[in-house]
Amino acid sequence: MSDSMSFQVALSFEDGITRFIECGPDETVADASYKARINIPLDCRDGACGTCKSLCESGSYDGGDYIEDALTDDEAALGHCLPCQMTPRSDLVLRIPSTSAAAKTAAAVFTATVADIERHSDTTVGLTLDVHDRDTLDFLPGQYVNITVPGTELTRSYSFSSGPGRHLASFLVRLTDGGAMSGYLRDEAKPGDPLRFTGPMGSFYLRESGRPALFLAGGTGLAPLLSMLERLAQADAPAARPVHLIYGVSRDRDLVHLDTLAAYTKAVPGFTFDHCVADENSTAPNKGFVTTLIDAGTLHHGDADVYLCGPPPMVEAVRAHIAALGVTPAGFHYEKFAVTAGAGAGAGS
Ligand code: FES
């Protein structure tokens with residue numbers, strides 16, 4: 001989303017908050033951050049101290065001039081970089097070694113209007129928002145926002161199911177008994193309602209590693225993976241790679257968006273998927289948990305990035321299963337969410 005004169009740099013802080021800044025091709029990331037009033041860690045500003053050392057997770061850049069004490073060749077080869085010296089050659093995602101509070105910034109606040117409420121089943125709702133000042137909302141596919149439940153001060157975390165390039169922003173919500181957002185969506189919500197949210201947040205986002213990827217979704221944990229797929233379906237998507245998604249739910253009625261996934265098998269080169277249902281009375285071809293469909297081959301014998309989003313027991317079961325296979329994936333990114341609190345809360349990577 002950058003114009004020809006500048007690139008977009010995502011600054012991802014330790015507390016999960018992400019801020020986006022514009023940075024010109026001859027401008028250092030530190031100068032661009034300063035202009036945006038974001039105080040990333042800096043000391044010498046001269047490539048000598050290493051205070052600003054960050055990790056570049058995607059994109060290309062000119063590292064600038066610095067001394068070995070500030071950044072070793074080995075570190076540079078692993079993607080570490082010095083924002084006080086580096087200039088972008090493409091859009092970038094940087095992990096900044098401080099919290100957003102220390103950088104005197106915070107998650108941005110957005111207002112929106114409910115555009116659509118789609119009742120997929122009695123357990124799952126698709127919520128679509130028309131975000132005001134949409135141009136100022138940037139996010140990485142896989143990230144989430146905290147939505148304030150109307151009429152309360154409570155917030156619930158939901159991952160975008162739509163991609164960053166789409167005007168409307170969509171989310172998947174699991175309806176739970178007694179859940180605050182569930183109650184609102186089930187009983188009150190209607191198009192035109194005002195909503196407020198903060199974000200974007202989370203370190204669960206698509207990296208441009210080029211390795212094959214294994215996407216694992218539990219229930220509404222499908223949302224951030226749908227956002228990543230939408231990104232991969234765009235004309236300027238990162239280079240094609242094999243992406244296999246395994247989507248597991250508890251019961252047949254929890255299955256949503258199978259038609260969307262089928263469409264992505266045509267729109268995203270190299271994309272395939274399977275789904276499974278834990279309920280033994282299911283009519284699905286695969287009964288059981290996602291782990292039953294993961295072997296060393298689906299993990300490309302380790303040469304794969306795993307992206308996993310689901311409830312905590314699923315995340316733990318997948319980790320244990322992969323460890324038992326004796327395979328260590330090259331990348332392992334996950335997002336856990338508590339079912340009672342809605343989808344997408346909490347973060348890990
Ligand atoms: Fe010292 Fe960047 S601030 S190396």
# chains A, B, ... in the order shown; residues from 1 in each chain; ligands from 1
>>> residues_near_ligand(ligand="ligand 1", cutoff="7 Å", atoms="only C-alpha atoms and all ligand atoms", output="PyMOL selection string")
chain A and resi 42-53+70+82-85
>>> write_last_selection(atoms="N, CA and C atoms", output="PDB file, in the first residue's frame")
ATOM      1  N   LEU A  42      16.756   4.172  20.414  1.00  0.00           N
ATOM      2  CA  LEU A  42      17.878   4.762  19.682  1.00  0.00           C
ATOM      3  C   LEU A  42      18.874   5.296  20.692  1.00  0.00           C
ATOM      4  N   ASP A  43      20.129   5.237  20.343  1.00  0.00           N
ATOM      5  CA  ASP A  43      21.128   5.900  21.176  1.00  0.00           C
ATOM      6  C   ASP A  43      22.062   6.702  20.282  1.00  0.00           C
ATOM      7  N   CYS A  44      23.046   6.029  19.662  1.00  0.00           N
ATOM      8  CA  CYS A  44      24.059   6.765  18.899  1.00  0.00           C
ATOM      9  C   CYS A  44      23.531   7.329  17.579  1.00  0.00           C
ATOM     10  N   ARG A  45      22.539   6.672  16.999  1.00  0.00           N
ATOM     11  CA  ARG A  45      22.018   7.021  15.654  1.00  0.00           C
ATOM     12  C   ARG A  45      23.108   6.992  14.597  1.00  0.00           C
ATOM     13  N   ASP A  46      24.148   6.222  14.858  1.00  0.00           N
ATOM     14  CA  ASP A  46      25.315   6.275  13.990  1.00  0.00           C
ATOM     15  C   ASP A  46      25.827   4.879  13.623  1.00  0.00           C
ATOM     16  N   GLY A  47      25.032   3.853  13.901  1.00  0.00           N
ATOM     17  CA  GLY A  47      25.485   2.505  13.552  1.00  0.00           C
ATOM     18  C   GLY A  47      26.629   2.011  14.417  1.00  0.00           C
ATOM     19  N   ALA A  48      26.719   2.517  15.652  1.00  0.00           N
ATOM     20  CA  ALA A  48      27.849   2.144  16.503  1.00  0.00           C
ATOM     21  C   ALA A  48      27.453   1.372  17.752  1.00  0.00           C
ATOM     22  N   CYS A  49      26.253   1.630  18.275  1.00  0.00           N
ATOM     23  CA  CYS A  49      25.945   1.082  19.605  1.00  0.00           C
ATOM     24  C   CYS A  49      25.086  -0.180  19.572  1.00  0.00           C
ATOM     25  N   GLY A  50      24.285  -0.354  18.554  1.00  0.00           N
ATOM     26  CA  GLY A  50      23.425  -1.536  18.479  1.00  0.00           C
ATOM     27  C   GLY A  50      22.112  -1.401  19.244  1.00  0.00           C
ATOM     28  N   THR A  51      21.870  -0.259  19.864  1.00  0.00           N
ATOM     29  CA  THR A  51      20.645  -0.071  20.662  1.00  0.00           C
ATOM     30  C   THR A  51      19.370  -0.268  19.836  1.00  0.00           C
ATOM     31  N   CYS A  52      19.430   0.120  18.583  1.00  0.00           N
ATOM     32  CA  CYS A  52      18.215   0.074  17.762  1.00  0.00           C
ATOM     33  C   CYS A  52      18.002  -1.285  17.084  1.00  0.00           C
ATOM     34  N   LYS A  53      18.918  -2.225  17.321  1.00  0.00           N
ATOM     35  CA  LYS A  53      18.888  -3.496  16.582  1.00  0.00           C
ATOM     36  C   LYS A  53      17.503  -4.144  16.590  1.00  0.00           C
ATOM     37  N   ALA A  70      28.069  -3.103  16.537  1.00  0.00           N
ATOM     38  CA  ALA A  70      26.629  -2.813  16.542  1.00  0.00           C
ATOM     39  C   ALA A  70      25.842  -3.961  15.942  1.00  0.00           C
ATOM     40  N   LEU A  82      19.675  -2.405  11.583  1.00  0.00           N
ATOM     41  CA  LEU A  82      19.788  -1.204  12.414  1.00  0.00           C
ATOM     42  C   LEU A  82      18.905  -0.098  11.812  1.00  0.00           C
ATOM     43  N   PRO A  83      17.746   0.154  12.403  1.00  0.00           N
ATOM     44  CA  PRO A  83      16.844   1.184  11.866  1.00  0.00           C
ATOM     45  C   PRO A  83      17.486   2.562  11.730  1.00  0.00           C
ATOM     46  N   CYS A  84      18.520   2.860  12.541  1.00  0.00           N
ATOM     47  CA  CYS A  84      19.132   4.190  12.426  1.00  0.00           C
ATOM     48  C   CYS A  84      19.962   4.321  11.156  1.00  0.00           C
ATOM     49  N   GLN A  85      20.257   3.183  10.501  1.00  0.00           N
ATOM     50  CA  GLN A  85      21.076   3.211   9.289  1.00  0.00           C
ATOM     51  C   GLN A  85      20.336   2.734   8.049  1.00  0.00           C
TER      52      GLN A  85
END
>>> select_by_dssp(residues="range 32-253 of chain A", states="alpha helix (DSSP H)", output="JSON, numbers by chain")
{"A": [32, 33, 34, 35, 73, 74, 75, 76, 77, 180, 181, 182, 183, 184, 185, 186, 187, 222, 223, 224, 225, 226, 227, 228, 229, 230, 231, 232]}
>>> closest_residue(among="A:Arg211, A:Arg174, A:Lys35, A:Arg134", to="Val249 in chain A", atoms="only C-alpha atoms")
A:Arg174
>>> residues_around(residues="Ala106 in chain A", least_positions_apart="5", cutoff="12 Å", atoms="only C-alpha atoms", output="PyMOL selection string")
chain A and resi 11-20+37-39+99-101+198-201
>>> write_last_selection(atoms="all heavy atoms", output="compact mmCIF listing (two decimals), in the first residue's frame")
# COMPACT_ATOMS: atom_id res chain seq x y z
N LEU A 11 5.97 -1.51 12.14
CA LEU A 11 6.78 -1.61 13.35
C LEU A 11 5.99 -2.46 14.33
O LEU A 11 4.94 -2.04 14.82
CB LEU A 11 7.05 -0.23 13.94
CG LEU A 11 7.68 0.80 12.99
CD1 LEU A 11 7.70 2.19 13.65
CD2 LEU A 11 9.10 0.38 12.61
N SER A 12 6.48 -3.66 14.60
CA SER A 12 5.76 -4.59 15.46
C SER A 12 6.44 -4.58 16.83
O SER A 12 7.60 -4.96 16.96
CB SER A 12 5.80 -5.97 14.81
OG SER A 12 5.36 -6.95 15.68
N PHE A 13 5.72 -4.13 17.86
CA PHE A 13 6.31 -3.98 19.19
C PHE A 13 6.14 -5.25 20.02
O PHE A 13 5.31 -6.11 19.71
CB PHE A 13 5.70 -2.76 19.91
CG PHE A 13 6.08 -1.47 19.26
CD1 PHE A 13 5.25 -0.88 18.32
CD2 PHE A 13 7.30 -0.87 19.54
CE1 PHE A 13 5.61 0.30 17.69
CE2 PHE A 13 7.67 0.30 18.92
CZ PHE A 13 6.84 0.89 17.98
N GLU A 14 6.92 -5.32 21.12
CA GLU A 14 6.93 -6.54 21.94
C GLU A 14 5.58 -6.85 22.56
O GLU A 14 5.29 -7.99 22.86
CB GLU A 14 7.97 -6.38 23.06
CG GLU A 14 9.39 -6.55 22.56
CD GLU A 14 10.42 -6.24 23.63
OE1 GLU A 14 10.05 -5.61 24.65
OE2 GLU A 14 11.59 -6.61 23.44
N ASP A 15 4.77 -5.82 22.79
CA ASP A 15 3.46 -6.07 23.39
C ASP A 15 2.40 -6.38 22.34
O ASP A 15 1.21 -6.43 22.66
CB ASP A 15 3.04 -4.86 24.23
CG ASP A 15 3.16 -3.54 23.47
OD1 ASP A 15 3.67 -3.56 22.34
OD2 ASP A 15 2.74 -2.51 24.01
N GLY A 16 2.82 -6.63 21.11
CA GLY A 16 1.87 -7.08 20.10
C GLY A 16 1.26 -5.95 19.28
O GLY A 16 0.58 -6.19 18.29
N ILE A 17 1.47 -4.70 19.70
CA ILE A 17 0.91 -3.56 18.96
C ILE A 17 1.74 -3.33 17.70
O ILE A 17 2.97 -3.45 17.73
CB ILE A 17 0.98 -2.29 19.83
CG1 ILE A 17 0.28 -2.57 21.15
CG2 ILE A 17 0.47 -1.07 19.07
CD1 ILE A 17 -1.04 -2.04 21.36
N THR A 18 1.09 -3.03 16.60
CA THR A 18 1.80 -2.73 15.36
C THR A 18 1.43 -1.33 14.89
O THR A 18 0.26 -0.97 14.88
CB THR A 18 1.40 -3.73 14.26
OG1 THR A 18 1.55 -5.05 14.77
CG2 THR A 18 2.28 -3.58 13.03
N ARG A 19 2.42 -0.54 14.54
CA ARG A 19 2.18 0.76 13.92
C ARG A 19 2.81 0.76 12.54
O ARG A 19 3.86 0.16 12.34
CB ARG A 19 2.80 1.90 14.75
CG ARG A 19 2.23 2.08 16.14
CD ARG A 19 0.72 2.26 16.21
NE ARG A 19 0.18 3.27 15.33
CZ ARG A 19 -0.16 4.49 15.71
NH1 ARG A 19 0.00 4.88 16.95
NH2 ARG A 19 -0.66 5.34 14.84
N PHE A 20 2.16 1.43 11.61
CA PHE A 20 2.65 1.49 10.23
C PHE A 20 3.11 2.90 9.93
O PHE A 20 2.42 3.87 10.26
CB PHE A 20 1.54 1.09 9.25
CG PHE A 20 1.16 -0.36 9.33
CD1 PHE A 20 0.36 -0.83 10.35
CD2 PHE A 20 1.63 -1.27 8.39
CE1 PHE A 20 0.01 -2.17 10.44
CE2 PHE A 20 1.29 -2.61 8.46
CZ PHE A 20 0.48 -3.06 9.48
N ARG A 37 6.33 10.38 15.11
CA ARG A 37 6.28 10.52 16.57
C ARG A 37 6.28 9.19 17.28
O ARG A 37 5.57 8.99 18.29
CB ARG A 37 5.06 11.32 17.01
CG ARG A 37 5.08 12.70 16.44
CD ARG A 37 3.76 13.38 16.73
NE ARG A 37 3.67 14.60 15.97
CZ ARG A 37 3.46 15.79 16.50
NH1 ARG A 37 3.30 15.91 17.79
NH2 ARG A 37 3.40 16.85 15.75
N ILE A 38 7.02 8.25 16.73
CA ILE A 38 7.16 6.95 17.38
C ILE A 38 8.63 6.83 17.79
O ILE A 38 9.51 6.90 16.94
CB ILE A 38 6.75 5.81 16.43
CG1 ILE A 38 5.27 5.96 16.05
CG2 ILE A 38 7.03 4.46 17.07
CD1 ILE A 38 4.81 5.00 14.97
N ASN A 39 8.84 6.70 19.11
CA ASN A 39 10.22 6.70 19.62
C ASN A 39 10.78 5.28 19.72
O ASN A 39 10.77 4.69 20.79
CB ASN A 39 10.28 7.35 21.00
CG ASN A 39 9.87 8.80 20.96
OD1 ASN A 39 9.65 9.37 19.89
ND2 ASN A 39 9.75 9.40 22.12
N THR A 99 8.46 -2.05 23.99
CA THR A 99 7.00 -2.04 24.00
C THR A 99 6.52 -0.77 23.31
O THR A 99 7.26 0.19 23.15
CB THR A 99 6.46 -2.04 25.44
OG1 THR A 99 6.91 -0.84 26.08
CG2 THR A 99 6.94 -3.25 26.22
N SER A 100 5.25 -0.78 22.94
CA SER A 100 4.69 0.41 22.30
C SER A 100 4.67 1.57 23.30
O SER A 100 4.88 2.72 22.92
CB SER A 100 3.28 0.13 21.78
OG SER A 100 2.42 -0.22 22.83
N ALA A 101 4.46 1.26 24.58
CA ALA A 101 4.42 2.33 25.59
C ALA A 101 5.79 3.00 25.68
O ALA A 101 5.89 4.23 25.74
CB ALA A 101 4.01 1.76 26.94
N THR A 198 -9.68 -1.16 18.59
CA THR A 198 -8.28 -0.72 18.61
C THR A 198 -7.42 -1.80 17.98
O THR A 198 -7.73 -2.99 18.03
CB THR A 198 -7.77 -0.46 20.03
OG1 THR A 198 -7.95 -1.65 20.80
CG2 THR A 198 -8.51 0.69 20.69
N GLY A 199 -6.32 -1.37 17.40
CA GLY A 199 -5.41 -2.33 16.80
C GLY A 199 -4.63 -1.69 15.68
O GLY A 199 -4.62 -0.46 15.58
N PRO A 200 -4.01 -2.44 14.81
CA PRO A 200 -4.00 -3.91 14.81
C PRO A 200 -2.96 -4.44 15.79
O PRO A 200 -2.08 -3.72 16.22
CB PRO A 200 -3.59 -4.24 13.39
CG PRO A 200 -2.68 -3.12 13.01
CD PRO A 200 -3.22 -1.90 13.70
N MET A 201 -3.10 -5.71 16.13
CA MET A 201 -2.20 -6.33 17.09
C MET A 201 -1.84 -7.74 16.67
O MET A 201 -2.51 -8.37 15.87
CB MET A 201 -2.89 -6.40 18.44
CG MET A 201 -2.97 -5.03 19.08
SD MET A 201 -3.82 -5.11 20.60
CE MET A 201 -5.07 -3.92 20.27
>>> select_by_dssp(residues="range 37-115 of chain A", states="strand (DSSP E)", output="ChimeraX atom specification")
/A:54-58,61-62,80-81,87-88,92-95,108-115
>>> residues_around(residues="Val306 in chain A", least_positions_apart="6", cutoff="9 Å", atoms="only C-alpha atoms", output="mmCIF file with C-alpha atoms, in the first residue's frame")
data_model
loop_
_atom_site.group_PDB
_atom_site.id
_atom_site.type_symbol
_atom_site.label_atom_id
_atom_site.label_comp_id
_atom_site.auth_asym_id
_atom_site.auth_seq_id
_atom_site.Cartn_x
_atom_site.Cartn_y
_atom_site.Cartn_z
ATOM 1 C CA PRO A 212 5.991 -24.268 1.933
ATOM 2 C CA ALA A 213 3.409 -23.460 4.575
ATOM 3 C CA LEU A 214 1.083 -25.611 6.665
ATOM 4 C CA PHE A 215 -1.964 -23.683 7.916
ATOM 5 C CA LEU A 216 -3.798 -25.253 10.859
ATOM 6 C CA LEU A 299 5.454 -30.791 7.325
ATOM 7 C CA PRO A 329 9.423 -26.944 11.410
ATOM 8 C CA ALA A 330 11.620 -24.126 10.082
ATOM 9 C CA GLY A 331 8.987 -21.645 11.241
ATOM 10 C CA PHE A 332 6.283 -22.095 13.861
ATOM 11 C CA HIS A 333 3.802 -19.268 14.383
ATOM 12 C CA TYR A 334 0.694 -19.608 16.485
#
>>> closest_atom_pairs(of="range 131-209 of chain A", to="range 222-236 of chain A", cutoff="10 Å", atoms="only C-alpha atoms", output="Markdown table")
| residue | atom | partner | partner_atom | distance |
| --- | --- | --- | --- | --- |
| A:Leu140 | CA | A:Met228 | CA | 8.5 |
| A:Pro141 | CA | A:Met228 | CA | 4.9 |
| A:Gly142 | CA | A:Pro224 | CA | 4.2 |
| A:Gln143 | CA | A:Pro224 | CA | 6.8 |
| A:Tyr144 | CA | A:Pro224 | CA | 7.9 |
| A:Tyr158 | CA | A:Ala223 | CA | 8.4 |
| A:Ser159 | CA | A:Pro224 | CA | 5.5 |
| A:Phe160 | CA | A:Pro224 | CA | 5.7 |
| A:Ser161 | CA | A:Ala223 | CA | 4.1 |
| A:Ser162 | CA | A:Ser227 | CA | 4.7 |
| A:Gly163 | CA | A:Ser227 | CA | 4.4 |
| A:Pro164 | CA | A:Arg231 | CA | 7.2 |
| A:Gly165 | CA | A:Arg231 | CA | 7.6 |
| A:Arg166 | CA | A:Glu230 | CA | 9.0 |
| A:Ser170 | CA | A:Ala223 | CA | 8.8 |
| A:Phe171 | CA | A:Ala223 | CA | 6.6 |
| A:Leu172 | CA | A:Ala223 | CA | 5.9 |
| A:Val173 | CA | A:Ala223 | CA | 8.9 |
| A:Phe204 | CA | A:Pro224 | CA | 8.4 |
| A:Tyr205 | CA | A:Met228 | CA | 7.7 |
| A:Leu206 | CA | A:Met228 | CA | 6.3 |
| A:Arg207 | CA | A:Met228 | CA | 9.8 |
>>> residues_around(residues="Ser250 in chain A", least_positions_apart="5", cutoff="6 Å", atoms="only C-alpha atoms", output="number ranges by chain")
A: 277-279
>>> closest_residue(among="A:Ala304, A:Leu175, A:Leu55, A:Ala115", to="Asp193 in chain A", atoms="only C-alpha atoms")
A:Ala115
>>> atom_distance(atom1="CA of Gly63 in chain A", atom2="CA of Gly79 in chain A")
10.0 Å
>>> atom_distance(atom1="CA of Pro194 in chain A", atom2="CA of Thr220 in chain A")
23.4 Å
>>> atom_distance(atom1="CA of Phe271 in chain A", atom2="CA of Asp295 in chain A")
17.8 Å
>>> decode(residues="range 104-129 of chain A", atoms="N, CA and C atoms", output="PDB file, in the first residue's frame")
ATOM      1  N   LYS A 104       6.330   5.434  23.205  1.00  0.00           N
ATOM      2  CA  LYS A 104       5.359   6.531  23.310  1.00  0.00           C
ATOM      3  C   LYS A 104       4.317   6.472  22.190  1.00  0.00           C
ATOM      4  N   THR A 105       3.877   5.265  21.903  1.00  0.00           N
ATOM      5  CA  THR A 105       2.810   5.126  20.930  1.00  0.00           C
ATOM      6  C   THR A 105       1.818   4.125  21.513  1.00  0.00           C
ATOM      7  N   ALA A 106       0.740   3.883  20.829  1.00  0.00           N
ATOM      8  CA  ALA A 106      -0.282   2.961  21.310  1.00  0.00           C
ATOM      9  C   ALA A 106      -1.071   2.477  20.116  1.00  0.00           C
ATOM     10  N   ALA A 107      -1.909   1.494  20.363  1.00  0.00           N
ATOM     11  CA  ALA A 107      -2.762   1.015  19.280  1.00  0.00           C
ATOM     12  C   ALA A 107      -3.690   2.136  18.845  1.00  0.00           C
ATOM     13  N   ALA A 108      -3.927   2.214  17.565  1.00  0.00           N
ATOM     14  CA  ALA A 108      -4.826   3.242  17.059  1.00  0.00           C
ATOM     15  C   ALA A 108      -6.278   2.854  17.345  1.00  0.00           C
ATOM     16  N   VAL A 109      -7.125   3.861  17.493  1.00  0.00           N
ATOM     17  CA  VAL A 109      -8.553   3.633  17.738  1.00  0.00           C
ATOM     18  C   VAL A 109      -9.314   3.917  16.439  1.00  0.00           C
ATOM     19  N   PHE A 110     -10.221   3.023  16.098  1.00  0.00           N
ATOM     20  CA  PHE A 110     -11.014   3.199  14.879  1.00  0.00           C
ATOM     21  C   PHE A 110     -12.497   3.127  15.213  1.00  0.00           C
ATOM     22  N   THR A 111     -13.284   3.865  14.454  1.00  0.00           N
ATOM     23  CA  THR A 111     -14.731   3.708  14.560  1.00  0.00           C
ATOM     24  C   THR A 111     -15.219   3.082  13.252  1.00  0.00           C
ATOM     25  N   ALA A 112     -16.329   2.387  13.351  1.00  0.00           N
ATOM     26  CA  ALA A 112     -16.845   1.663  12.187  1.00  0.00           C
ATOM     27  C   ALA A 112     -18.352   1.545  12.297  1.00  0.00           C
ATOM     28  N   THR A 113     -18.961   1.129  11.209  1.00  0.00           N
ATOM     29  CA  THR A 113     -20.399   0.874  11.176  1.00  0.00           C
ATOM     30  C   THR A 113     -20.604  -0.575  10.747  1.00  0.00           C
ATOM     31  N   VAL A 114     -21.522  -1.260  11.412  1.00  0.00           N
ATOM     32  CA  VAL A 114     -21.814  -2.639  11.023  1.00  0.00           C
ATOM     33  C   VAL A 114     -22.396  -2.632   9.610  1.00  0.00           C
ATOM     34  N   ALA A 115     -21.756  -3.388   8.720  1.00  0.00           N
ATOM     35  CA  ALA A 115     -22.238  -3.446   7.337  1.00  0.00           C
ATOM     36  C   ALA A 115     -23.054  -4.713   7.109  1.00  0.00           C
ATOM     37  N   ASP A 116     -22.697  -5.788   7.791  1.00  0.00           N
ATOM     38  CA  ASP A 116     -23.386  -7.053   7.541  1.00  0.00           C
ATOM     39  C   ASP A 116     -23.158  -8.013   8.707  1.00  0.00           C
ATOM     40  N   ILE A 117     -24.184  -8.790   9.003  1.00  0.00           N
ATOM     41  CA  ILE A 117     -24.062  -9.838  10.011  1.00  0.00           C
ATOM     42  C   ILE A 117     -24.538 -11.112   9.333  1.00  0.00           C
ATOM     43  N   GLU A 118     -23.637 -12.040   9.127  1.00  0.00           N
ATOM     44  CA  GLU A 118     -23.983 -13.257   8.397  1.00  0.00           C
ATOM     45  C   GLU A 118     -23.989 -14.433   9.371  1.00  0.00           C
ATOM     46  N   ARG A 119     -25.169 -14.998   9.548  1.00  0.00           N
ATOM     47  CA  ARG A 119     -25.281 -16.122  10.477  1.00  0.00           C
ATOM     48  C   ARG A 119     -24.910 -17.387   9.719  1.00  0.00           C
ATOM     49  N   HIS A 120     -23.647 -17.831   9.862  1.00  0.00           N
ATOM     50  CA  HIS A 120     -23.213 -19.038   9.142  1.00  0.00           C
ATOM     51  C   HIS A 120     -23.918 -20.272   9.684  1.00  0.00           C
ATOM     52  N   SER A 121     -24.075 -20.326  11.016  1.00  0.00           N
ATOM     53  CA  SER A 121     -24.732 -21.468  11.650  1.00  0.00           C
ATOM     54  C   SER A 121     -25.120 -21.005  13.046  1.00  0.00           C
ATOM     55  N   ASP A 122     -25.674 -21.904  13.867  1.00  0.00           N
ATOM     56  CA  ASP A 122     -26.041 -21.438  15.205  1.00  0.00           C
ATOM     57  C   ASP A 122     -24.828 -21.251  16.101  1.00  0.00           C
ATOM     58  N   THR A 123     -23.638 -21.549  15.596  1.00  0.00           N
ATOM     59  CA  THR A 123     -22.447 -21.353  16.425  1.00  0.00           C
ATOM     60  C   THR A 123     -21.522 -20.261  15.897  1.00  0.00           C
ATOM     61  N   THR A 124     -21.702 -19.851  14.667  1.00  0.00           N
ATOM     62  CA  THR A 124     -20.702 -18.967  14.065  1.00  0.00           C
ATOM     63  C   THR A 124     -21.347 -17.848  13.251  1.00  0.00           C
ATOM     64  N   VAL A 125     -20.832 -16.635  13.482  1.00  0.00           N
ATOM     65  CA  VAL A 125     -21.341 -15.456  12.781  1.00  0.00           C
ATOM     66  C   VAL A 125     -20.198 -14.770  12.050  1.00  0.00           C
ATOM     67  N   GLY A 126     -20.475 -14.288  10.866  1.00  0.00           N
ATOM     68  CA  GLY A 126     -19.516 -13.445  10.160  1.00  0.00           C
ATOM     69  C   GLY A 126     -19.932 -11.990  10.350  1.00  0.00           C
ATOM     70  N   LEU A 127     -19.034 -11.180  10.881  1.00  0.00           N
ATOM     71  CA  LEU A 127     -19.318  -9.762  11.140  1.00  0.00           C
ATOM     72  C   LEU A 127     -18.501  -8.930  10.162  1.00  0.00           C
ATOM     73  N   THR A 128     -19.171  -8.061   9.418  1.00  0.00           N
ATOM     74  CA  THR A 128     -18.452  -7.212   8.461  1.00  0.00           C
ATOM     75  C   THR A 128     -18.662  -5.748   8.830  1.00  0.00           C
ATOM     76  N   LEU A 129     -17.569  -5.023   8.887  1.00  0.00           N
ATOM     77  CA  LEU A 129     -17.595  -3.618   9.306  1.00  0.00           C
ATOM     78  C   LEU A 129     -17.150  -2.708   8.174  1.00  0.00           C
TER      79      LEU A 129
END
